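Chemist: Below is a structure I'd like to ask you about.
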Amino acid sequence: MTGPLDGVTVVELAGIGPCPFAGMLLAEMGADVIRVDRPGGNFLTPRAPEADLLGRGKRTVELDLKTPEGRERLAALCDGADVLIEGFRPGVAERLGLAPEALWERNPRLVYGRMTGWGQTGPAAHTAGHDIAYLAPTGALHAIGPAGGAPQIPLNVVGDLGGGATYLVMGVLAALLEARRTGRGQVVDAAIVDGAAHLLGIVHSLLADGRWRDERGANLLDGGAPFYAVYETADARHMAVGAIEPQFFAELVRVLGIDAGPADQLDEARWPALRERLAAAFATRTQAEWTAAFDGTDACVAPVLSLREAATHPHLAARRSLVEVEGVLQAMPAPRFSRHPQEHPAPLSRPVPP
């Protein structure tokens, strides 16, 4: 694929979670990403080749890094690369003889991206974990869920992908810019705990300003406010409501046919009664009926759709945000670049010639 990263070569050491997602992002931006697979793959290796969506746009080669031959082939790939990304625990690459310093002796401009849950330093750095365990100590998991209920798992989009892969890509691109200017690469230490904590910036600001309670389901953006919540419809489906601003709230109650004003929205003491009225109103019609009623309004209301239904949403369909390729539902590359329009997702991974 063409893109703003044309001419950039990335070597990705295959793993699970955020590192392969980051490699896919870089490939979709035009980089030549060479994924180094381990013999036998891992437990998340797709059983069907057409399901290898994180391999989109990549080339692949299988190397056994436990052998001298495999390690030398990898080092040779890095000789001509701009970026290496890996998701090993701290110290693993060093034990394999693939430490940043060893590769910099051969290619001093190499950017060395390291993707972990805990980071390269700290007392937990060498322990195992997964997305949910990394979110837990940051406060992010605590903040998500209903009042009086248990924390809710936000899939792996907040940790692995939001706080992990996205920050790895940002760090790699920043380091790449400097390497182009100075001829010297550096290590990018991308840790999910760091990224997830950083994503809470707005919440930390509200907390400092006294406008956020350190509890679930009691705040403006966590379902505590009745005008920023999810409601069940007559057919047991749901509508999402995000009418924060007064003019949007006014449009919400107009379409619902509720007599409610600014005091109902601003006075927290009135929120329980307001929530009951909103819930009762939404329960009178089906999701399809409410979707039609709110269509084209500024009430900030949308139907909650399943993964497969999402592709049929008129706006997403018009933008082709989700497409089906040979029966496989997948998202188009994001973000979009005006000079590099893409009509189709990147092709799936293909082998590197011997």
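The chains in the structure tokens are called A, B, ... from first to last as shown; in each chain the residues are counted from 1, and the ligands are counted from 1 in the order shown.
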Just asking: which residues within segment 11-255 of chain A are helix (DSSP H, G or I) according to DSSP, as JSON, numbers by chain?

Modeler: {"A": [18, 19, 20, 21, 22, 23, 24, 25, 26, 27, 28, 49, 50, 51, 53, 54, 55, 68, 69, 70, 71, 72, 73, 74, 75, 76, 77, 78, 79, 92, 93, 94, 95, 100, 101, 102, 103, 104, 105, 106, 131, 132, 133, 134, 135, 136, 137, 138, 140, 141, 142, 143, 157, 158, 159, 160, 161, 162, 163, 164, 165, 166, 167, 168, 169, 170, 171, 172, 173, 174, 175, 176, 177, 178, 179, 180, 181, 182, 192, 193, 194, 195, 196, 197, 198, 199, 201, 202, 203, 204, 205, 206, 207, 208, 246, 247, 248, 249, 250, 251, 252, 253, 254, 255]}

Chemist: Give me the residues near Pro345 of chain A as a PyMOL selection string, where near means some atom within 12 Å (using only C-alpha atoms) and where sequence neighbours in that chain fewer than 5 positions away do not count.

Modeler: chain A and resi 1-2+24-25+27-29+53-58+320-326+328-334+336

Chemist: Pick the closest to Tyr228 of chain A from A:Leu199, A:Val169, A:Leu256, A:Leu278: which is it, counting only C-alpha atoms?

Modeler: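 Between A:Leu199, A:Val169, A:Leu256, A:Leu278, the residue approaching Tyr228 of chain A most closely is A:Leu278.
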
Chemist: What's the 9 Å shell around Asp214 of chain A, counting only C-alpha atoms, without same-chain residues fewer than 3 positions away, as a PyMOL selection string?

Modeler: chain A and resi 142-143+207+218-219

Chemist: Report as a list in words all protein, DNA and RNA residues lying within 12 Å of Ala124 of chain A, evaluated on only C-alpha atoms, omitting residues in the same chain fewer than 3 positions from it.

Modeler: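 Everything that qualifies: Arg89, Pro90, Thr116, Gly117, Trp118, Gly119, Gln120, Thr121, Thr127, Ala128, Gly129, Ala133, Tyr134, Pro137, Ala191 and Val193 of chain A.
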
Chemist: Excluding Ile34 of chain A and residues on its chain fewer than 5 positions from it, collect all residues at most 7 Å away from it, counting only C-alpha atoms, and give them as a list of chain:residue names.

Modeler: A:Val10, A:Val11, A:Glu12, A:Lys58, A:Arg59, A:Thr60

Chemist: For a test of reading the model, state the distance in Å between atom CA of Val33 of chain A and atom CA of Ala125 of chain A, rounded to one decimal.

Modeler: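 Interatomic distance, atom CA of Val33 of chain A to atom CA of Ala125 of chain A: 27.3 Å.
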
Chemist: Report, in Å with one decimal, the straight-line distance from atom CA of Ala299 of chain A to atom CA of Ala240 of chain A.

Modeler: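 Pair atom CA of Ala299 of chain A / atom CA of Ala240 of chain A returns 10.6 Å.
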
Chemist: Using only C-alpha atoms, which protein or nucleic acid residues come within 10 Å of Ile192 of chain A? Drop anything in the same chain fewer than 5 positions from it, and give the result as a list in words.

Modeler: Pro18, Met115, Thr116, Gly117, Trp118, Gly119, His130, Asp131, Tyr134, Leu135, Thr138, Val158, Gly159, Asp160, Leu161, Gly162, Gly163, Gly164, Ala165, Thr166, Tyr167, Leu168, Ala197 and His198 of chain A

Chemist: Using only C-alpha atoms, I'd like a table of the residues in segment 173-226 of chain A that come within 7 Å of segment 92-114 of chain A; for each, show the closest atom pair and its distance in Å rounded to one decimal, ordered by chain and ascending number, as JSON lines.

Modeler:
{"residue": "A:Ala175", "atom": "CA", "partner": "A:Val111", "partner_atom": "CA", "distance": 6.5}
{"residue": "A:Leu176", "atom": "CA", "partner": "A:Val111", "partner_atom": "CA", "distance": 6.4}
{"residue": "A:Ala179", "atom": "CA", "partner": "A:Arg109", "partner_atom": "CA", "distance": 5.6}
{"residue": "A:Gly183", "atom": "CA", "partner": "A:Arg109", "partner_atom": "CA", "distance": 5.0}
{"residue": "A:Arg184", "atom": "CA", "partner": "A:Arg109", "partner_atom": "CA", "distance": 4.2}
{"residue": "A:Gly185", "atom": "CA", "partner": "A:Arg109", "partner_atom": "CA", "distance": 4.2}
{"residue": "A:Gln186", "atom": "CA", "partner": "A:Val111", "partner_atom": "CA", "distance": 5.2}
{"residue": "A:Val187", "atom": "CA", "partner": "A:Tyr112", "partner_atom": "CA", "distance": 4.7}
{"residue": "A:Val188", "atom": "CA", "partner": "A:Gly113", "partner_atom": "CA", "distance": 4.7}
{"residue": "A:Asp189", "atom": "CA", "partner": "A:Arg114", "partner_atom": "CA", "distance": 5.2}
{"residue": "A:Ala190", "atom": "CA", "partner": "A:Arg114", "partner_atom": "CA", "distance": 5.9}

Chemist: Could you turn the residues from that selection into a file that holds C-alpha atoms, as an mmCIF file, in the first residue's frame?

Modeler:
data_model
loop_
_atom_site.group_PDB
_atom_site.id
_atom_site.type_symbol
_atom_site.label_atom_id
_atom_site.label_comp_id
_atom_site.auth_asym_id
_atom_site.auth_seq_id
_atom_site.Cartn_x
_atom_site.Cartn_y
_atom_site.Cartn_z
ATOM 1 C CA ALA A 175 11.777 8.852 17.296
ATOM 2 C CA LEU A 176 11.875 8.213 13.549
ATOM 3 C CA ALA A 179 16.614 9.702 13.709
ATOM 4 C CA GLY A 183 21.225 9.698 12.325
ATOM 5 C CA ARG A 184 20.747 8.159 15.777
ATOM 6 C CA GLY A 185 17.964 5.854 16.873
ATOM 7 C CA GLN A 186 16.683 5.332 20.399
ATOM 8 C CA VAL A 187 14.528 3.016 22.483
ATOM 9 C CA VAL A 188 10.799 3.736 22.691
ATOM 10 C CA ASP A 189 9.576 2.248 25.990
ATOM 11 C CA ALA A 190 5.819 1.911 25.427
#

Chemist: List every residue of segment 211-326 of chain A that DSSP, applied to the backbone of this structure, places in strand (DSSP E), and write the result as an NGL selection string.

Modeler: :A and (228-232 or 238-242 or 301-303 or 322-325)
